[in-house]
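For reference, the structure is listed below as C-alpha cells.
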Amino acid sequence: MAKVTFNEDICKGCGLCVDACPKHILALAKDKINKKGHNPAVMTDQEKCIGCAFCATMCPDCVIKVEK
Amino acid sequence: MAEKVLMKGNEAIAESAIRSGCLHYFGYPITPQTEVAAYMAKRMPKIGGVFLQAESEISAINMVYGVAATGKRVMTSSSSPGISLKQEGISYIAGSDLPAVIVNVQRGGPGLGGIQPSQSDYFQATKGGGHGDYHLIVLTPSSVQEMADLTSLAFDLADKYRMPAMLLADGTMGQMMEPVVLPEPKNCTVDKPWALTGTECKREHNIVNSLYLSPEVLERTNIERFERYKEVEKNETRWEEYMMEDAEYCIVAFGIAARVAKNAIKVLREKGIKTGLIRPITVWPFPTEPIRKAADKVKGFISVELSMGQMIEDVKLAEECKKPVSLCSRSGGMIPDVEKIVKSVEEMANGEAK
Amino acid sequence: MAVVFEKPKSLTSKEFHYCPGCPHGIIHRLVAEAIDNLGIEGKAIGVAPVGCAVMAYDYFTCDMIEAAHGRAPAVATGIKRSLPENIVFTYQGDGDLASIGMAETVHAATRNENITIIFVNNAIYGMTGGQMAPTSLPGQVTQTSPYGRDVKTAGYPIKVAELLSSLDAPYYIERVAVNNVKNVKHAGKAIEKAFRNQMEGKGFSLIEVISACPTNWGLTPQKALQWVDEKMIPYYPLGVYRDKDKEASV
C-alpha cells in the first residue's frame with residue numbers, strides 16, 4: 001500500500017515523473033490547468049503504486065510526497 | 001604614552017590593521033605595497049590570523065567579500081593596476097553593504113604605468129571606481145603616523161557605516177620610514193546581526209546579496225544607501241587647515257603633495273605671499289565646506305597633485321567658481337617640488353595663472 | 001503509513017524559478033538532502049553563482065551569499081578561512097566555474113581548500129539565453145555557435161573533472177549525472193560524500209553534475225535527458241576522478 005500526493009499548484013508539467021514511473025500510472029492531466037498554466041501530473045491508478053518514489057526522485061520541483 | 005617606533009609606511013598599515021582586530025588579510029604581490037603582504041605573512045600565523053596570497057587581485061577581493069560577510073574585520077592591499085582588478089569585488093562589497101578595508105598604495109598610470117608614487121587613482125577612488133551607484137570612504141595619509149591612524153579609523157568607519165573604506169596612499173608614503181606611535185589594540189564593537197555565521201537552526205537565514213531584479217527595490221536600496229552616505233558626509237569629513245587664518249592663496253593638497261606644499265608655504269611667506277593649505281584627510285567625503293568658506297577670503301586656489309589634475313575638479317565644485325583655481329601637478333611618478341609649487345602660487349599672485 | 005519521500009527540510013518554501021524539466025531543481029534537492037542527512041543545516045553557508053542558479057540563496061534555508069560571476073570559490077575560501085567550523089559550499093554552472101571562474105576554481109582546488117563545490121555542467125549559458133559554454137560539445141549549436149561549435153576557432157570543451165584531477169591537491173572529484181533515477185540516486189550519494197569530506201576536514205571536494213537545459217537545447221525535458229545519455233555522457237564519462245580515501249587504502 002503506497003500513496004503519492006502531488007502539490008499540483010507548483011507542478012510545471014514537465015512529465016519527468018510520468019516517464020520515471022515503472023508502473024505507468026502517472027499522467028499529465030489533459031483536462032486540468034494549474035495556476036502556473038501547466039497540465040499538472042496526476043496519479044491515474046493509486047492501487048498499483050508501489051511507493052518506489054522514482055517519480056519524486058526525478059521531479060525537479062519537489063511536487064511529490066510519497067508514503068508507504 | 002605609547003612608545004614610538006621607526007617603521008616603514010606599508011608596515012605601519014599592516015601592524016595597525018592587526019591592532020584594529022583585523023585577523024584576515026588577502027593579497028597579491030605588486031610594487032610598491034608588497035611589504036604589507038610580507039608583514040602579514042610573517043605576523044598572521046603567529047597570532048592565529050589568516051594570511052593568504054591569492055591567485056589574483058580579483059580572488060583576493062572576493063575572499064575579502066567572503067570574510068566581510070561573516071562579520072569579521074578584513075583587509076586587502078594593492079597598488080593601482082591591482083586596484084583596478086579589485087573594482088568588481090569592491091562594487092559587490094558596496095552593493096551588499098559590507099564593511100571592508102582596501103589599501104591602495106598608488107603608482108603612476110594608466111596601464112602598467114610605472115612604480116613611482118602617484119595620486120592618479122583619485123577619480124577611481126572618490127567617484128565609485130567600479131560599476132553602479134556607490135561610494136567608498138577614502139582616507140589619505142600624509143605621514144607614516146597617519147598610515148597607522150587612518151588604517152585604524154578605516155576599520156571603525158567601515159563597520160559603523162557598513163561600507164568599504166579605502167586607504168588611498170601613494171608609493172612615497174608606503175616606502176618612507178618615520179617614527180610612529182601605533183594604535184592601541186582594539187576590536188569591532190558594532191553588532192552585526194546580518195553576518196553569515198550559520199543559522200544554528202535558531203533564526204531565519206541571512207542572505208548577503210547585491211542582486212535586486214525589481215528596479216523599484218534596487219532604486220530604494222540605492223536611495224537608502226545614499227541616505228547613509230549623507231550621514232558619512234555630515235559626520236566624517238576630515239581635513240587639516242595649515243596657516244589659513246590670514247591666507248590670501250589656498251593650496252589644496254593631500255598625501256605627499258601636502259607635505260611638499262607645507263614647505264612651499266614657508267618659502268612663499270618669506271617672500272610675503274600669504275599662502276595656506278587645506279589638506280583633505282578624507283577625499284570622499286570631500287571637505288567641500290572649508291573650501292567654500294575659504295573662497296570668500298582668499299584670492300585663489302592652487303590644487304597640487306601627483307596626477308594630470310583630478311582633485312582640481314572637486315576643488316572647483318567646492319569653491320563654486322568664486323575664485324580662480326590653478327593646477328600645479330606632476331604625473332607619471334614625478335612629485336611637484338617646492339620650487340614648482342612656489343612658482344605656481346607666484347604666477348597666480350601675479351595674475352599669470354591660467 | 002510512513003513518509004518515504006518529501007521535500008527536504010533544508011529547502012525553503014519558495015518555488016523554484018527554473019524552466020519546466022530543468023534538473024537544477026533535482027540538484028538543489030540533492031544538496032538539501034545531503035545537508036539534512038548530515039544534520040548540518042545550522043552550520044552550512046552556501047555561495048550562489050551568477051547564472052540560472054543565481055537565486056539559489058532564496059531556496060536554501062542555510063545562510064547564503066551571492067558571489068560575482070566565477071568568484072564563488074574565492075568567496076567560499078574567505079568564508080571558510082573565517083569560519084573553519086562551518087560547512088561552506090558553492091553551487092556553480094559551467095560558464096561560471098569553467099570559463100570566467102577557472103582561476104578561482106583551479107586555485108581553490110590546488111590549495112585543497114576545505115570546501116564543497118557543486119558544479120552543474122549543462123553545456124550552455126542558460127540565464128543569458130543559450131550561448132556557447134566552455135563545456136558545449138563540438139558541433140553543438142548555440143546562440144553564439146549558430147553553425148555548431150567549431151573546434152578550430154572556438155576550441156574544445158573543458159573537461160573539468162579530468163583537468164582538476166591532474167592536480168596533486170584536491171581530495172575528491174567525481175562526475176555524476178541526473179538523467180535517470182539510478183544516476184540521480186548516485187549523484188545524491190556523491191554530493192553527500194563531498195559534504196562529509198568537508199566535515200571530516202579532508203579538503204576540496206567537487207562534484208561535476210552532468211545536467212540538461214531543455215529550454216536552450218530546444219528539446220523537451222524527456223529528449224534533453226536522452227541527449228545527456230547519448231551525447232553528454234560519452235564525452236564526459238561519469239565516475240570518480242579523484243578520491244584520496246581510496247588512494248590511502250591502496
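Here's how to read the names in the C-alpha cells: chain A, B, ... by the order shown, residue numbers from 1 in each chain, ligand numbers from 1 in the order shown.
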inquiry  = Taking only C-alpha atoms into account, find every residue of chain C that has an atom no more than 7 Å from chain B, and write it out as a count of residues only.
reply    = 23
request  = Find the residues around range 115-132 of chain C up to 9 Å (only C-alpha atoms counted), leave out those fewer than 2 positions away in its own chain, and share them as an MDAnalysis selection string.
outcome  = chainID C and resid 24 27 31 50:54 73 76:77 80 87:97 108 112:113 134:137 140:145 149 157 191 194:195 197:198 203:213 215:217 228 232
ask   = Mind listing as a VMD selection string which residues of chain A are within 6 Å of chain C, counting only C-alpha atoms?
value = chain A and resid 12 14 60 to 62 65 to 68
Write the residues of the selection above to a file with all heavy atoms, as a tab-separated table (two decimals), in the first residue's frame.
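What landed in selection_5.tsv:
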```tsv
chain	number	residue	atom	x	y	z
A	12	LYS	N	5.10	21.90	-12.91
A	12	LYS	CA	5.33	22.61	-14.17
A	12	LYS	C	5.03	21.72	-15.38
A	12	LYS	O	5.34	22.09	-16.52
A	12	LYS	CB	6.76	23.14	-14.23
A	12	LYS	CG	7.04	24.25	-13.21
A	12	LYS	CD	8.52	24.61	-13.17
A	12	LYS	CE	8.80	25.61	-12.04
A	12	LYS	NZ	10.23	25.62	-11.70
A	14	CYS	N	6.34	19.02	-16.56
A	14	CYS	CA	7.47	18.60	-17.41
A	14	CYS	C	7.36	17.13	-17.81
A	14	CYS	O	7.93	16.71	-18.81
A	14	CYS	CB	8.81	18.86	-16.72
A	14	CYS	SG	9.16	17.78	-15.32
A	60	PRO	N	11.79	17.82	-10.64
A	60	PRO	CA	12.68	18.93	-10.35
A	60	PRO	C	12.08	19.96	-9.41
A	60	PRO	O	12.76	20.92	-9.05
A	60	PRO	CB	12.92	19.57	-11.74
A	60	PRO	CG	12.29	18.66	-12.74
A	60	PRO	CD	11.24	17.89	-12.02
A	61	ASP	N	10.80	19.81	-9.05
A	61	ASP	CA	10.16	20.88	-8.30
A	61	ASP	C	9.59	20.45	-6.95
A	61	ASP	O	8.77	21.17	-6.37
A	61	ASP	CB	9.08	21.53	-9.17
A	61	ASP	CG	9.72	22.32	-10.31
A	61	ASP	OD1	10.25	23.41	-10.03
A	61	ASP	OD2	9.74	21.82	-11.46
A	62	CYS	N	10.03	19.33	-6.45
A	62	CYS	CA	9.59	18.85	-5.14
A	62	CYS	C	8.06	18.86	-5.02
A	62	CYS	O	7.50	19.30	-4.02
A	62	CYS	CB	10.20	19.70	-4.01
A	62	CYS	SG	11.97	19.63	-3.97
A	65	LYS	N	5.06	13.91	-2.79
A	65	LYS	CA	5.32	13.29	-1.49
A	65	LYS	C	4.90	11.83	-1.60
A	65	LYS	O	3.84	11.53	-2.16
A	65	LYS	CB	4.50	14.00	-0.42
A	65	LYS	CG	4.72	13.52	0.99
A	65	LYS	CD	3.87	14.37	1.95
A	65	LYS	CE	3.95	13.82	3.36
A	65	LYS	NZ	3.12	14.62	4.28
A	66	VAL	N	5.73	10.95	-1.10
A	66	VAL	CA	5.42	9.52	-1.21
A	66	VAL	C	5.34	8.91	0.19
A	66	VAL	O	6.23	9.11	1.02
A	66	VAL	CB	6.49	8.77	-2.04
A	66	VAL	CG1	6.09	7.30	-2.23
A	66	VAL	CG2	6.70	9.44	-3.39
A	67	GLU	N	4.26	8.19	0.41
A	67	GLU	CA	4.11	7.47	1.69
A	67	GLU	C	3.89	5.99	1.41
A	67	GLU	O	3.35	5.62	0.37
A	67	GLU	CB	2.92	8.03	2.47
A	67	GLU	CG	3.15	9.43	2.99
A	67	GLU	CD	1.86	10.14	3.32
A	67	GLU	OE1	1.15	10.58	2.39
A	67	GLU	OE2	1.57	10.26	4.52
A	68	LYS	N	4.28	5.19	2.36
A	68	LYS	CA	4.19	3.75	2.13
A	68	LYS	C	3.80	3.06	3.42
A	68	LYS	O	4.30	3.42	4.49
A	68	LYS	CB	5.56	3.24	1.65
A	68	LYS	CG	5.50	1.98	0.83
A	68	LYS	CD	6.90	1.72	0.28
A	68	LYS	CE	6.99	0.37	-0.37
A	68	LYS	NZ	8.32	0.15	-0.95
```
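All residues within chain A that the backbone DSSP calculation assigns to helix (DSSP H, G or I) are Glu8, Asp9, Ile10, Leu16, Cys17, Val18, Asp19, Ala20, Gln46, Glu47, Lys48, Phe54, Cys55, Ala56, Thr57 and Met58 of chain A.
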Can I get the selected residues back with all heavy atoms, as a compact mmCIF listing (two decimals), in the first residue's frame?
```txt
# COMPACT_ATOMS: atom_id res chain seq x y z
N GLU A 8 -0.07 19.97 -6.65
CA GLU A 8 -0.39 20.28 -8.06
C GLU A 8 -0.11 21.72 -8.48
O GLU A 8 0.27 21.97 -9.61
CB GLU A 8 -1.87 19.95 -8.33
CG GLU A 8 -2.08 18.52 -8.79
CD GLU A 8 -3.56 18.24 -9.08
OE1 GLU A 8 -4.29 19.17 -9.44
OE2 GLU A 8 -3.94 17.06 -8.93
N ASP A 9 -0.31 22.63 -7.54
CA ASP A 9 -0.16 24.05 -7.88
C ASP A 9 1.25 24.40 -8.36
O ASP A 9 1.43 25.34 -9.13
CB ASP A 9 -0.50 24.92 -6.67
CG ASP A 9 -2.00 25.00 -6.45
OD1 ASP A 9 -2.74 24.59 -7.37
OD2 ASP A 9 -2.41 25.47 -5.37
N ILE A 10 2.26 23.68 -7.88
CA ILE A 10 3.63 24.06 -8.24
C ILE A 10 4.21 23.16 -9.33
O ILE A 10 5.36 23.30 -9.72
CB ILE A 10 4.57 24.12 -7.01
CG1 ILE A 10 4.73 22.74 -6.38
CG2 ILE A 10 4.08 25.13 -6.00
CD1 ILE A 10 5.89 22.67 -5.39
N LEU A 16 8.61 14.48 -16.30
CA LEU A 16 9.72 13.58 -15.98
C LEU A 16 9.26 12.47 -15.03
O LEU A 16 9.75 11.34 -15.10
CB LEU A 16 10.90 14.35 -15.39
CG LEU A 16 11.65 15.29 -16.35
CD1 LEU A 16 12.82 15.97 -15.65
CD2 LEU A 16 12.14 14.54 -17.60
N CYS A 17 8.30 12.77 -14.17
CA CYS A 17 7.78 11.75 -13.25
C CYS A 17 7.02 10.68 -14.04
O CYS A 17 7.10 9.49 -13.72
CB CYS A 17 6.89 12.39 -12.19
SG CYS A 17 5.48 13.31 -12.87
N VAL A 18 6.29 11.12 -15.04
CA VAL A 18 5.49 10.19 -15.85
C VAL A 18 6.41 9.15 -16.47
O VAL A 18 6.15 7.94 -16.43
CB VAL A 18 4.72 10.97 -16.95
CG1 VAL A 18 3.95 9.99 -17.84
CG2 VAL A 18 3.77 11.99 -16.33
N ASP A 19 7.53 9.62 -17.02
CA ASP A 19 8.48 8.71 -17.66
C ASP A 19 9.17 7.80 -16.64
O ASP A 19 9.56 6.68 -16.97
CB ASP A 19 9.56 9.50 -18.40
CG ASP A 19 9.03 10.07 -19.70
OD1 ASP A 19 7.79 10.09 -19.85
OD2 ASP A 19 9.85 10.48 -20.55
N ALA A 20 9.36 8.32 -15.43
CA ALA A 20 10.13 7.57 -14.44
C ALA A 20 9.31 6.44 -13.81
O ALA A 20 9.88 5.48 -13.29
CB ALA A 20 10.63 8.52 -13.34
N GLN A 46 -3.99 4.72 -8.22
CA GLN A 46 -3.29 4.68 -6.93
C GLN A 46 -3.06 3.24 -6.44
O GLN A 46 -2.04 2.94 -5.81
CB GLN A 46 -4.10 5.48 -5.90
CG GLN A 46 -3.43 5.62 -4.54
CD GLN A 46 -2.24 6.56 -4.57
OE1 GLN A 46 -2.37 7.75 -4.82
NE2 GLN A 46 -1.06 6.03 -4.35
N GLU A 47 -4.00 2.37 -6.73
CA GLU A 47 -3.92 0.98 -6.27
C GLU A 47 -2.64 0.28 -6.73
O GLU A 47 -2.07 -0.55 -6.02
CB GLU A 47 -5.12 0.18 -6.80
CG GLU A 47 -6.45 0.57 -6.17
CD GLU A 47 -6.43 0.41 -4.67
OE1 GLU A 47 -6.06 -0.69 -4.21
OE2 GLU A 47 -6.75 1.38 -3.94
N LYS A 48 -2.17 0.65 -7.93
CA LYS A 48 -0.99 -0.03 -8.48
C LYS A 48 0.33 0.55 -8.01
O LYS A 48 1.40 0.03 -8.34
CB LYS A 48 -1.04 0.03 -10.02
CG LYS A 48 -2.08 -0.87 -10.64
CD LYS A 48 -1.88 -0.90 -12.15
CE LYS A 48 -3.00 -1.71 -12.82
NZ LYS A 48 -3.11 -1.34 -14.24
N PHE A 54 10.31 6.79 -7.53
CA PHE A 54 11.06 7.18 -8.73
C PHE A 54 10.55 8.51 -9.27
O PHE A 54 11.32 9.35 -9.73
CB PHE A 54 10.93 6.10 -9.83
CG PHE A 54 11.79 4.89 -9.62
CD1 PHE A 54 12.42 4.64 -8.40
CD2 PHE A 54 11.99 3.97 -10.66
CE1 PHE A 54 13.22 3.52 -8.22
CE2 PHE A 54 12.80 2.85 -10.49
CZ PHE A 54 13.40 2.62 -9.25
N CYS A 55 9.22 8.66 -9.22
CA CYS A 55 8.61 9.91 -9.70
C CYS A 55 9.19 11.10 -8.94
O CYS A 55 9.63 12.08 -9.54
CB CYS A 55 7.10 9.85 -9.55
SG CYS A 55 6.54 9.41 -7.87
N ALA A 56 9.21 10.99 -7.60
CA ALA A 56 9.69 12.09 -6.77
C ALA A 56 11.18 12.33 -6.98
O ALA A 56 11.66 13.46 -6.92
CB ALA A 56 9.40 11.79 -5.31
N THR A 57 11.90 11.24 -7.24
CA THR A 57 13.34 11.35 -7.47
C THR A 57 13.64 12.20 -8.70
O THR A 57 14.60 12.98 -8.72
CB THR A 57 13.96 9.94 -7.65
OG1 THR A 57 13.65 9.17 -6.49
CG2 THR A 57 15.47 10.01 -7.81
N MET A 58 12.81 12.05 -9.72
CA MET A 58 13.05 12.79 -10.96
C MET A 58 12.35 14.14 -11.01
O MET A 58 12.58 14.93 -11.91
CB MET A 58 12.61 11.94 -12.17
CG MET A 58 13.50 10.74 -12.46
SD MET A 58 15.27 11.12 -12.52
CE MET A 58 15.37 12.08 -14.03
```
inquiry  = So that I can check the secondary structure, give me every residue of range 13-232 of chain C assigned strand (DSSP E or B) by backbone DSSP, as an MDAnalysis selection string.
reply    = chainID C and resid 44:48 60 63:66 87:93 116:121 125 131 142 145 172:177 205:210
message = as JSON, numbers by chain, please: the residues near range 328-343 of chain B (cut-off 10 Å, only C-alpha atoms, same-chain neighbours under 2 positions excluded).
response = {"B": [106, 107, 108, 109, 110, 113, 114, 115, 116, 117, 118, 119, 120, 170, 171, 172, 251, 253, 256, 257, 259, 260, 261, 262, 263, 264, 265, 266, 267, 268, 269, 271, 273, 275, 302, 303, 304, 305, 306, 307, 308, 309, 310, 312, 325, 326, 345, 346, 347, 348, 349, 353]}
